[in-house]
file target15.csv (CSV, C-alpha atoms and all ligand atoms)
chain,number,residue,atom,x,y,z
A,1,MET,CA,106.8,92.6,119.8
A,2,GLU,CA,109.5,90.4,118.3
A,3,LYS,CA,107.0,89.1,115.7
A,4,ALA,CA,106.1,92.7,114.7
A,5,LEU,CA,109.8,93.6,114.4
A,6,ASN,CA,110.5,90.6,112.2
A,7,GLU,CA,107.6,91.5,110.0
A,8,GLU,CA,108.9,95.1,109.8
A,9,LEU,CA,112.4,93.8,108.9
A,10,GLU,CA,110.8,91.7,106.1
A,11,ARG,CA,108.8,94.7,104.8
A,12,LEU,CA,111.9,96.9,104.7
A,13,THR,CA,113.9,94.2,103.0
A,14,ALA,CA,111.2,93.8,100.3
A,15,LEU,CA,111.5,97.5,99.7
A,16,GLY,CA,115.3,97.0,99.1
A,17,LEU,CA,116.3,99.1,102.2
A,18,HIS,CA,118.7,96.4,103.4
A,19,ARG,CA,120.9,97.4,100.3
A,20,ARG,CA,121.5,100.8,101.7
A,21,CYS,CA,122.0,99.9,105.4
A,22,ALA,CA,125.3,99.0,107.0
A,23,GLU,CA,125.3,95.4,108.3
A,24,GLY,CA,123.1,95.1,111.4
A,25,ASP,CA,121.7,98.6,110.9
A,26,LEU,CA,118.4,97.5,109.4
A,27,GLY,CA,117.2,96.3,112.8
A,28,ARG,CA,117.7,99.8,114.2
A,29,VAL,CA,115.8,101.3,111.2
A,30,ALA,CA,113.0,98.7,111.6
A,31,GLY,CA,112.6,99.6,115.3
A,32,LEU,CA,112.2,103.2,114.4
A,33,THR,CA,109.8,102.8,111.4
A,34,LEU,CA,107.7,100.4,113.4
A,35,GLU,CA,107.2,102.9,116.2
A,36,ILE,CA,106.7,105.9,113.9
A,37,ASN,CA,104.1,104.1,111.8
A,38,ARG,CA,102.2,103.0,115.0
A,39,LEU,CA,102.2,106.6,116.4
A,40,LYS,CA,101.2,108.0,113.0
A,41,LYS,CA,98.1,105.8,112.9
A,42,GLU,CA,97.3,106.7,116.5
A,43,ARG,CA,97.5,110.4,115.8
A,44,ASN,CA,95.9,110.2,112.3
A,45,ALA,CA,99.0,111.9,110.8
A,46,VAL,CA,100.5,111.5,107.3
A,47,VAL,CA,104.2,111.8,106.5
A,48,CYS,CA,105.0,113.8,103.3
A,49,ALA,CA,108.5,113.0,102.0
A,50,HIS,CA,110.4,115.0,99.4
A,51,VAL,CA,112.6,112.9,97.1
A,52,TYR,CA,115.7,114.4,98.7
A,53,GLN,CA,115.0,112.7,101.9
A,54,THR,CA,116.7,109.4,102.7
A,55,PRO,CA,115.0,106.2,101.4
A,56,ASP,CA,114.4,105.0,105.0
A,57,ILE,CA,112.1,108.0,105.4
A,58,ILE,CA,110.5,108.0,101.9
A,59,LEU,CA,109.9,104.2,101.8
A,60,GLY,CA,109.9,103.3,105.4
A,61,ILE,CA,107.4,105.9,106.8
A,62,GLY,CA,106.3,108.1,103.8
A,63,ASP,CA,102.6,108.2,102.9
A,64,LEU,CA,102.9,110.9,100.3
A,65,ALA,CA,106.2,111.3,98.3
A,66,GLY,CA,107.4,113.2,95.3
A,67,ASP,CA,108.5,116.6,94.1
A,68,SER,CA,107.4,120.0,95.4
A,69,TYR,CA,104.4,120.2,93.1
A,70,LYS,CA,103.0,116.8,93.9
A,71,LEU,CA,103.5,117.3,97.6
A,72,ALA,CA,101.7,120.6,97.5
A,73,ASP,CA,98.9,119.1,95.5
A,74,ASP,CA,98.7,116.0,97.8
A,75,CYS,CA,98.5,118.2,100.9
A,76,ARG,CA,95.5,120.1,99.6
A,77,ARG,CA,93.5,116.9,99.6
A,78,THR,CA,94.7,114.9,102.7
A,79,ALA,CA,92.0,113.9,105.1
A,80,ALA,CA,94.5,113.3,107.9
A,81,ASP,CA,94.4,115.5,111.0
A,82,SER,CA,98.1,116.4,110.8
A,83,ILE,CA,100.9,116.5,108.2
A,84,ILE,CA,104.5,115.7,109.2
A,85,PHE,CA,106.5,117.3,106.4
A,86,CYS,CA,109.8,115.6,105.8
A,87,GLY,CA,111.1,118.3,103.5
A,88,VAL,CA,112.1,121.9,104.0
A,89,HIS,CA,110.2,124.6,105.8
A,90,PHE,CA,108.8,126.5,102.8
A,91,MET,CA,107.2,123.2,101.6
A,92,ALA,CA,105.5,122.8,105.0
A,93,GLU,CA,104.4,126.4,105.0
A,94,THR,CA,102.8,125.8,101.6
A,95,ALA,CA,100.9,122.8,102.9
A,96,LYS,CA,99.7,124.9,105.9
A,97,ILE,CA,98.5,127.7,103.5
A,98,LEU,CA,96.6,125.2,101.3
A,99,ASN,CA,95.1,123.2,104.1
A,100,PRO,CA,94.9,125.6,107.1
A,101,ALA,CA,92.6,123.3,109.2
A,102,LYS,CA,95.5,120.8,109.5
A,103,LYS,CA,98.3,120.8,112.0
A,104,VAL,CA,101.6,120.9,110.0
A,105,TYR,CA,105.0,120.0,111.5
A,106,VAL,CA,108.6,119.8,110.2
A,107,PRO,CA,110.8,117.4,112.2
A,108,SER,CA,113.8,119.7,112.3
A,109,GLY,CA,114.4,123.3,113.3
A,110,ASN,CA,117.1,123.6,110.6
A,111,ALA,CA,115.2,122.7,107.5
A,112,GLY,CA,115.6,126.1,105.7
A,113,CYS,CA,116.6,126.6,102.1
A,114,SER,CA,119.2,129.0,100.6
A,115,LEU,CA,116.8,130.1,97.9
A,116,SER,CA,114.0,130.8,100.3
A,117,GLU,CA,116.4,132.8,102.5
A,118,ALA,CA,117.7,134.9,99.5
A,119,VAL,CA,114.6,137.1,99.2
A,120,THR,CA,112.3,138.9,101.6
A,121,GLY,CA,108.8,140.5,101.3
A,122,ASP,CA,110.5,143.9,101.4
A,123,ASP,CA,112.7,142.9,98.5
A,124,VAL,CA,109.7,142.0,96.4
A,125,ARG,CA,107.9,145.2,97.3
A,126,ARG,CA,110.9,147.2,96.2
A,127,LEU,CA,111.2,145.2,92.9
A,128,LYS,CA,107.5,145.9,92.2
A,129,ALA,CA,108.0,149.6,92.8
A,130,GLU,CA,111.0,149.5,90.4
A,131,HIS,CA,109.1,147.6,87.7
A,132,PRO,CA,105.5,148.7,88.1
A,133,GLY,CA,102.9,146.6,86.3
A,134,LEU,CA,105.2,143.5,85.8
A,135,PRO,CA,103.8,140.2,87.1
A,136,VAL,CA,105.9,138.6,89.8
A,137,VAL,CA,106.4,134.9,89.1
A,138,THR,CA,107.9,133.2,92.1
A,139,TYR,CA,109.6,129.9,92.6
A,140,ILE,CA,107.9,127.9,95.3
A,141,ASN,CA,111.2,127.9,97.3
A,142,THR,CA,110.3,131.1,99.1
A,143,SER,CA,108.7,132.2,102.3
A,144,ALA,CA,104.9,132.7,102.8
A,145,GLU,CA,105.5,136.5,102.9
A,146,VAL,CA,107.2,136.5,99.5
A,147,LYS,CA,104.5,134.3,98.1
A,148,ALA,CA,101.9,136.8,99.4
A,149,GLU,CA,103.6,139.6,97.4
A,150,SER,CA,103.6,137.4,94.2
A,151,ASP,CA,101.2,137.0,91.3
A,152,CYS,CA,101.9,133.4,90.6
A,153,ILE,CA,104.0,130.6,92.1
A,154,VAL,CA,105.8,128.0,90.0
A,155,THR,CA,107.7,124.8,90.8
A,156,SER,CA,110.4,123.2,88.6
A,157,ALA,CA,107.6,121.0,87.2
A,158,ASN,CA,105.6,123.8,85.7
A,159,ALA,CA,107.8,127.0,85.5
A,160,GLU,CA,108.3,126.8,81.8
A,161,LYS,CA,104.6,126.3,81.1
A,162,ILE,CA,103.5,129.1,83.4
A,163,LEU,CA,106.1,131.5,82.1
A,164,ARG,CA,104.8,130.8,78.5
A,165,ARG,CA,101.3,131.6,79.7
A,166,MET,CA,102.5,134.8,81.4
A,167,TYR,CA,104.3,136.0,78.2
A,168,GLU,CA,100.9,135.6,76.3
A,169,LYS,CA,99.8,138.7,78.2
A,170,HIS,CA,103.0,140.5,79.2
A,171,ASP,CA,106.2,141.5,77.4
A,172,ARG,CA,108.2,141.4,80.6
A,173,VAL,CA,108.0,139.4,83.8
A,174,ILE,CA,109.8,139.4,87.2
A,175,PHE,CA,111.1,135.9,88.1
A,176,ILE,CA,112.5,135.3,91.6
A,177,PRO,CA,114.6,134.2,93.4
A,178,ASP,CA,116.7,131.6,91.5
A,179,ARG,CA,118.9,133.4,89.0
A,180,PHE,CA,120.2,130.2,87.5
A,181,MET,CA,116.7,128.7,87.0
A,182,GLY,CA,115.6,132.0,85.6
A,183,ALA,CA,118.5,132.1,83.1
A,184,ASN,CA,117.9,128.5,82.1
A,185,LEU,CA,114.2,129.2,81.5
A,186,ALA,CA,115.0,132.4,79.7
A,187,LYS,CA,117.2,130.4,77.2
A,188,VAL,CA,114.4,127.9,76.6
A,189,LEU,CA,111.9,130.6,76.0
A,190,GLY,CA,114.2,132.8,73.9
A,191,ARG,CA,114.1,135.7,76.4
A,192,THR,CA,116.9,138.0,77.6
A,193,PRO,CA,117.7,138.3,81.3
A,194,GLY,CA,117.6,141.9,82.5
A,195,LYS,CA,115.5,142.9,79.5
A,196,ASP,CA,112.3,140.8,79.3
A,197,ILE,CA,112.9,138.7,82.4
A,198,ILE,CA,114.0,140.5,85.5
A,199,LEU,CA,115.9,138.1,87.8
A,200,TRP,CA,116.9,138.0,91.5
A,201,ASN,CA,120.3,136.9,92.8
A,202,GLY,CA,119.3,133.8,94.7
A,203,THR,CA,121.0,130.4,94.3
A,204,CYS,CA,120.7,126.9,95.6
A,205,ILE,CA,123.8,126.0,97.6
A,206,VAL,CA,123.5,122.4,96.4
A,207,HIS,CA,123.1,122.9,92.7
A,208,GLU,CA,125.3,126.0,92.2
A,209,HIS,CA,128.5,124.1,92.6
A,210,PHE,CA,128.3,121.4,89.9
A,211,SER,CA,131.0,121.7,87.2
A,212,PRO,CA,130.4,121.1,83.4
A,213,ASP,CA,134.0,119.8,83.1
A,214,LEU,CA,133.1,116.7,85.2
A,215,ILE,CA,130.1,116.0,82.9
A,216,LYS,CA,132.4,116.0,79.9
A,217,LEU,CA,134.8,113.7,81.7
A,218,TYR,CA,132.1,111.2,82.7
A,219,LYS,CA,130.7,111.2,79.2
A,220,ARG,CA,134.1,110.2,77.8
A,221,LYS,CA,134.5,107.5,80.5
A,222,TYR,CA,131.0,106.0,80.1
A,223,PRO,CA,129.8,105.7,76.5
A,224,GLY,CA,126.0,105.9,76.2
A,225,LEU,CA,125.8,107.9,79.5
A,226,VAL,CA,122.8,110.2,79.7
A,227,ALA,CA,123.2,113.2,82.0
A,228,LEU,CA,120.2,114.8,83.8
A,229,ALA,CA,120.4,117.9,85.8
A,230,HIS,CA,118.0,119.9,88.0
A,231,ALA,CA,117.0,123.3,86.6
A,232,GLU,CA,118.6,125.0,89.6
A,233,CYS,CA,122.1,124.3,88.1
A,234,PRO,CA,124.1,127.0,86.4
A,235,SER,CA,123.6,127.5,82.7
A,236,ASP,CA,127.1,126.3,81.7
A,237,LEU,CA,126.3,123.0,83.4
A,238,ILE,CA,122.9,122.7,81.8
A,239,ALA,CA,124.5,123.3,78.4
A,240,ALA,CA,126.6,120.1,79.0
A,241,VAL,CA,123.7,117.7,79.9
A,242,ASP,CA,121.1,115.9,77.9
A,243,PHE,CA,118.0,116.8,80.1
A,244,MET,CA,117.1,119.6,82.4
A,245,GLY,CA,114.1,119.4,84.7
A,246,GLY,CA,112.7,119.2,88.2
A,247,THR,CA,113.0,116.0,90.3
A,248,GLY,CA,109.6,114.7,89.1
A,249,ASP,CA,110.6,115.2,85.4
A,250,MET,CA,114.0,113.6,86.0
A,251,MET,CA,112.4,110.5,87.6
A,252,ARG,CA,109.9,110.1,84.8
A,253,TYR,CA,112.7,110.5,82.2
A,254,VAL,CA,114.7,107.7,83.9
A,255,GLU,CA,111.6,105.5,84.1
A,256,SER,CA,110.7,105.9,80.5
A,257,THR,CA,114.1,105.6,78.8
A,258,ASN,CA,116.7,102.9,78.6
A,259,ALA,CA,120.1,104.5,78.6
A,260,ALA,CA,123.4,102.5,79.2
A,261,ALA,CA,123.8,104.7,82.4
A,262,TYR,CA,122.4,107.8,84.0
A,263,LEU,CA,124.4,110.6,85.5
A,264,LEU,CA,122.2,112.4,88.1
A,265,VAL,CA,123.3,115.9,88.8
A,266,THR,CA,121.3,116.8,91.8
A,267,GLU,CA,120.9,116.2,95.6
A,268,CYS,CA,122.1,112.7,96.6
A,269,GLY,CA,118.7,111.5,97.9
A,270,PHE,CA,117.3,111.4,94.3
A,271,GLY,CA,120.0,108.9,93.1
A,272,GLU,CA,119.5,106.7,96.2
A,273,LEU,CA,115.8,106.5,95.5
A,274,ALA,CA,116.3,106.0,91.8
A,275,LYS,CA,118.6,103.0,92.5
A,276,LEU,CA,116.0,101.4,94.7
A,277,LYS,CA,113.1,102.1,92.3
A,278,PHE,CA,115.0,100.9,89.2
A,279,PRO,CA,117.5,98.2,90.4
A,280,ALA,CA,118.2,97.0,86.8
A,281,LYS,CA,119.4,100.5,85.6
A,282,ASN,CA,122.9,101.9,86.0
A,283,PHE,CA,123.4,105.1,87.9
A,284,ILE,CA,126.3,107.4,88.5
A,285,ALA,CA,125.6,110.0,91.1
A,286,MET,CA,127.4,113.3,90.7
A,287,CYS,CA,125.6,114.5,93.8
A,288,ARG,CA,125.8,116.8,96.8
A,289,LEU,CA,123.9,116.7,100.1
A,290,CYS,CA,121.4,119.4,101.0
A,291,PRO,CA,122.1,120.1,104.7
A,292,TYR,CA,118.6,121.4,105.2
A,293,MET,CA,116.9,118.3,103.8
A,294,LYS,CA,119.3,116.0,105.6
A,295,SER,CA,118.6,117.7,109.0
A,296,ILE,CA,115.6,115.3,109.2
A,297,THR,CA,116.1,111.8,110.4
A,298,LEU,CA,113.9,108.9,111.5
A,299,GLU,CA,115.0,109.8,115.1
A,300,SER,CA,113.8,113.4,114.6
A,301,VAL,CA,110.4,112.2,113.2
A,302,LEU,CA,109.9,109.9,116.2
A,303,ALA,CA,110.8,112.8,118.6
A,304,LEU,CA,108.3,115.0,116.9
A,305,LEU,CA,105.5,112.4,117.1
A,306,ARG,CA,106.2,112.1,120.9
A,307,ASP,CA,106.3,115.9,121.4
A,308,PRO,CA,104.9,117.7,118.4
A,309,ALA,CA,104.2,121.2,119.8
A,310,PRO,CA,107.7,122.8,119.3
A,311,GLU,CA,107.9,122.0,115.6
A,312,GLU,CA,104.4,123.2,114.5
A,313,VAL,CA,104.4,125.4,111.4
A,314,THR,CA,102.2,128.5,111.5
A,315,VAL,CA,101.5,131.2,109.0
A,316,PRO,CA,99.7,134.5,110.0
A,317,PRO,CA,96.2,134.3,108.4
A,318,ALA,CA,96.5,137.6,106.5
A,319,ILE,CA,99.7,136.5,104.8
A,320,ALA,CA,98.3,133.0,104.3
A,321,ALA,CA,95.2,134.3,102.4
A,322,ARG,CA,97.4,136.4,100.0
A,323,ALA,CA,99.9,133.6,99.5
A,324,ARG,CA,97.2,131.1,98.8
A,325,ARG,CA,95.9,133.2,95.9
A,326,SER,CA,99.3,133.0,94.2
A,327,ILE,CA,99.6,129.3,94.8
A,328,GLU,CA,96.1,128.7,93.5
A,329,LYS,CA,97.1,130.6,90.4
A,330,MET,CA,99.8,128.1,89.9
A,331,PHE,CA,97.4,125.1,90.1
A,332,GLU,CA,95.1,126.9,87.6
A,333,LEU,CA,97.9,127.7,85.1
A,334,ALA,CA,99.7,124.3,85.5
A,335,ALA,CA,96.5,122.3,84.9
B,401,LIG,P1,111.6,119.8,93.0
B,401,LIG,O1,110.3,120.6,93.0
B,401,LIG,O2,112.1,119.6,91.6
B,401,LIG,O3,111.4,118.6,93.7
B,401,LIG,O4,112.7,120.7,93.6
B,401,LIG,C1,112.7,121.1,95.0
B,401,LIG,C2,114.0,121.5,95.4
B,401,LIG,O5,114.2,122.1,96.5
B,401,LIG,C3,115.2,121.3,94.5
B,401,LIG,O6,116.3,121.7,95.1
B,402,LIG,FE1,116.9,124.6,98.9
B,402,LIG,FE2,118.8,123.7,97.3
B,402,LIG,FE3,118.2,122.3,99.5
B,402,LIG,FE4,116.4,122.4,97.4
B,402,LIG,S1,118.5,121.5,97.5
B,402,LIG,S2,116.0,122.7,99.6
B,402,LIG,S3,116.8,124.5,96.7
B,402,LIG,S4,119.0,124.4,99.4
call {"tool": "encode", "arguments": {"input": "target15.csv", "output": "structure tokens"}}
result
Amino acid sequence: MEKALNEELERLTALGLHRRCAEGDLGRVAGLTLEINRLKKERNAVVCAHVYQTPDIILGIGDLAGDSYKLADDCRRTAADSIIFCGVHFMAETAKILNPAKKVYVPSGNAGCSLSEAVTGDDVRRLKAEHPGLPVVTYINTSAEVKAESDCIVTSANAEKILRRMYEKHDRVIFIPDRFMGANLAKVLGRTPGKDIILWNGTCIVHEHFSPDLIKLYKRKYPGLVALAHAECPSDLIAAVDFMGGTGDMMRYVESTNAAAYLLVTECGFGELAKLKFPAKNFIAMCRLCPYMKSITLESVLALLRDPAPEEVTVPPAIAARARRSIEKMFELAA
């Protein structure tokens, strides 16, 4: 056992995780990752980790990692018997819809999302009645029932592309539920909110609070600083940054450029991972924690593996079948 623990400590150190642990804490982390990885193998389970999770989860126990789009795509293909989703509930629901034969679990009862909670199936039915014939383009951060009422799902990685495709056939579209992302995309596409893009009033409680004044301050303080922000941020903030995108786009931007420093305006997990992936680059995190994402810990993953039943994610088959159509439409249009 001691030999296995030492090897695990070495593995985590090689991944750079010792740099984010308090002194002595890597031993506790190694004990947990060792046991989780053993149980995972025994149960033929995979751990999916969104980039807002902590690096001990992403690097220590993650088999599949990335943004919402990549994780949805990966979950369609996995051969494992079960998927442990270290992300938020709508992501796990999407995995279940796409791969219904698998058992899907979220290791937290608190992994919601303010965007997902901002709109219901009834809201979408009412919107459709108010705007008959308009296609409903829905951000993936929504419940299965809302997806079932939608024509096409998008993620931050493909929303612009899919909206462009929609406008080839329609003059007006409904985009729900993120009003900031909707307004940011409308600006890129030269569309007018309320006129040719109907928005909903949802916001992300993490991204809605960033201030453009701070961006200007940091830019004065650090010459050569490049600021990147998630598309869920308000439009006045987006106007002050150099790049807007989803987490996958932001990571690729950092990887492929060589700025003096990067200001990462998003959830803190993203910056933590970027620092470990690109140790030679300079990062300034203007970040906030997502309480939903951060409700998952190594301890909660281990508890789930020992007693999975209470955290199983289920979707009623009739809803799943309709939601699947709108998610498959995304894969078709994003390809
Ligand atoms: P991404 O698809 O860009 O990873 O975003 C997911 C999310 O919840 C952002 O807040
Ligand atoms: Fe939802 Fe915002 Fe958390 Fe993403 S960061 S899961 S959009 S609350």
call {"tool": "residues_near_ligand", "arguments": {"input": "target15.csv", "ligand": "ligand LIG 402 (chain B)", "cutoff": "9 Å", "atoms": "all atoms listed in the file", "output": "ChimeraX atom specification"}}
result
/A:52,87-90,111-117,141,178,203-208,232,266-267,288-294
call {"tool": "write_last_selection", "arguments": {"input": "target15.csv", "atoms": "C-alpha atoms", "output": "PDB file, in the coordinates of the input"}}
result
ATOM      1  CA  TYR A  52     115.700 114.400  98.700  1.00  0.00           C
ATOM      2  CA  GLY A  87     111.100 118.300 103.500  1.00  0.00           C
ATOM      3  CA  VAL A  88     112.100 121.900 104.000  1.00  0.00           C
ATOM      4  CA  HIS A  89     110.200 124.600 105.800  1.00  0.00           C
ATOM      5  CA  PHE A  90     108.800 126.500 102.800  1.00  0.00           C
ATOM      6  CA  ALA A 111     115.200 122.700 107.500  1.00  0.00           C
ATOM      7  CA  GLY A 112     115.600 126.100 105.700  1.00  0.00           C
ATOM      8  CA  CYS A 113     116.600 126.600 102.100  1.00  0.00           C
ATOM      9  CA  SER A 114     119.200 129.000 100.600  1.00  0.00           C
ATOM     10  CA  LEU A 115     116.800 130.100  97.900  1.00  0.00           C
ATOM     11  CA  SER A 116     114.000 130.800 100.300  1.00  0.00           C
ATOM     12  CA  GLU A 117     116.400 132.800 102.500  1.00  0.00           C
ATOM     13  CA  ASN A 141     111.200 127.900  97.300  1.00  0.00           C
ATOM     14  CA  ASP A 178     116.700 131.600  91.500  1.00  0.00           C
ATOM     15  CA  THR A 203     121.000 130.400  94.300  1.00  0.00           C
ATOM     16  CA  CYS A 204     120.700 126.900  95.600  1.00  0.00           C
ATOM     17  CA  ILE A 205     123.800 126.000  97.600  1.00  0.00           C
ATOM     18  CA  VAL A 206     123.500 122.400  96.400  1.00  0.00           C
ATOM     19  CA  HIS A 207     123.100 122.900  92.700  1.00  0.00           C
ATOM     20  CA  GLU A 208     125.300 126.000  92.200  1.00  0.00           C
ATOM     21  CA  GLU A 232     118.600 125.000  89.600  1.00  0.00           C
ATOM     22  CA  THR A 266     121.300 116.800  91.800  1.00  0.00           C
ATOM     23  CA  GLU A 267     120.900 116.200  95.600  1.00  0.00           C
ATOM     24  CA  ARG A 288     125.800 116.800  96.800  1.00  0.00           C
ATOM     25  CA  LEU A 289     123.900 116.700 100.100  1.00  0.00           C
ATOM     26  CA  CYS A 290     121.400 119.400 101.000  1.00  0.00           C
ATOM     27  CA  PRO A 291     122.100 120.100 104.700  1.00  0.00           C
ATOM     28  CA  TYR A 292     118.600 121.400 105.200  1.00  0.00           C
ATOM     29  CA  MET A 293     116.900 118.300 103.800  1.00  0.00           C
ATOM     30  CA  LYS A 294     119.300 116.000 105.600  1.00  0.00           C
TER      31      LYS A 294
END
call {"tool": "residues_around", "arguments": {"input": "target15.csv", "residues": "Ala334 (chain A)", "least_positions_apart": "3", "cutoff": "8 Å", "atoms": "all atoms listed in the file", "output": "VMD selection string"}}
result
chain A and resid 158 161 to 162 330 to 331
call {"tool": "residues_around", "arguments": {"input": "target15.csv", "residues": "Arg172 (chain A)", "least_positions_apart": "6", "cutoff": "8 Å", "atoms": "all atoms listed in the file", "output": "list of chain:residue names"}}
result
A:Leu134, A:Pro135, A:Lys195, A:Asp196, A:Ile197, A:Ile198
call {"tool": "residues_near_ligand", "arguments": {"input": "target15.csv", "ligand": "ligand LIG 401 (chain B)", "cutoff": "7 Å", "atoms": "all atoms listed in the file", "output": "list of chain:residue names"}}
result
A:His50, A:Val51, A:Gly66, A:Asp67, A:Ser68, A:Tyr69, A:Asn141, A:Thr155, A:Ser156, A:Ala157, A:Cys204, A:His230, A:Glu232, A:Gly246, A:Thr247, A:Gly248
call {"tool": "atom_distance", "arguments": {"input": "target15.csv", "atom1": "CA of Asp74 (chain A)", "atom2": "CA of Ile153 (chain A)"}}
result
16.5 Å
call {"tool": "closest_residue", "arguments": {"input": "target15.csv", "among": "A:Ser211, A:His131, A:Leu228, A:Thr297", "to": "Ile61 (chain A)", "atoms": "only C-alpha atoms"}}
result
A:Thr297
call {"tool": "residues_around", "arguments": {"input": "target15.csv", "residues": "region 305-320 of chain A", "least_positions_apart": "2", "cutoff": "6 Å", "atoms": "all atoms listed in the file", "output": "ChimeraX atom specification"}}
result
/A:97,104-106,148,302-303,322-324
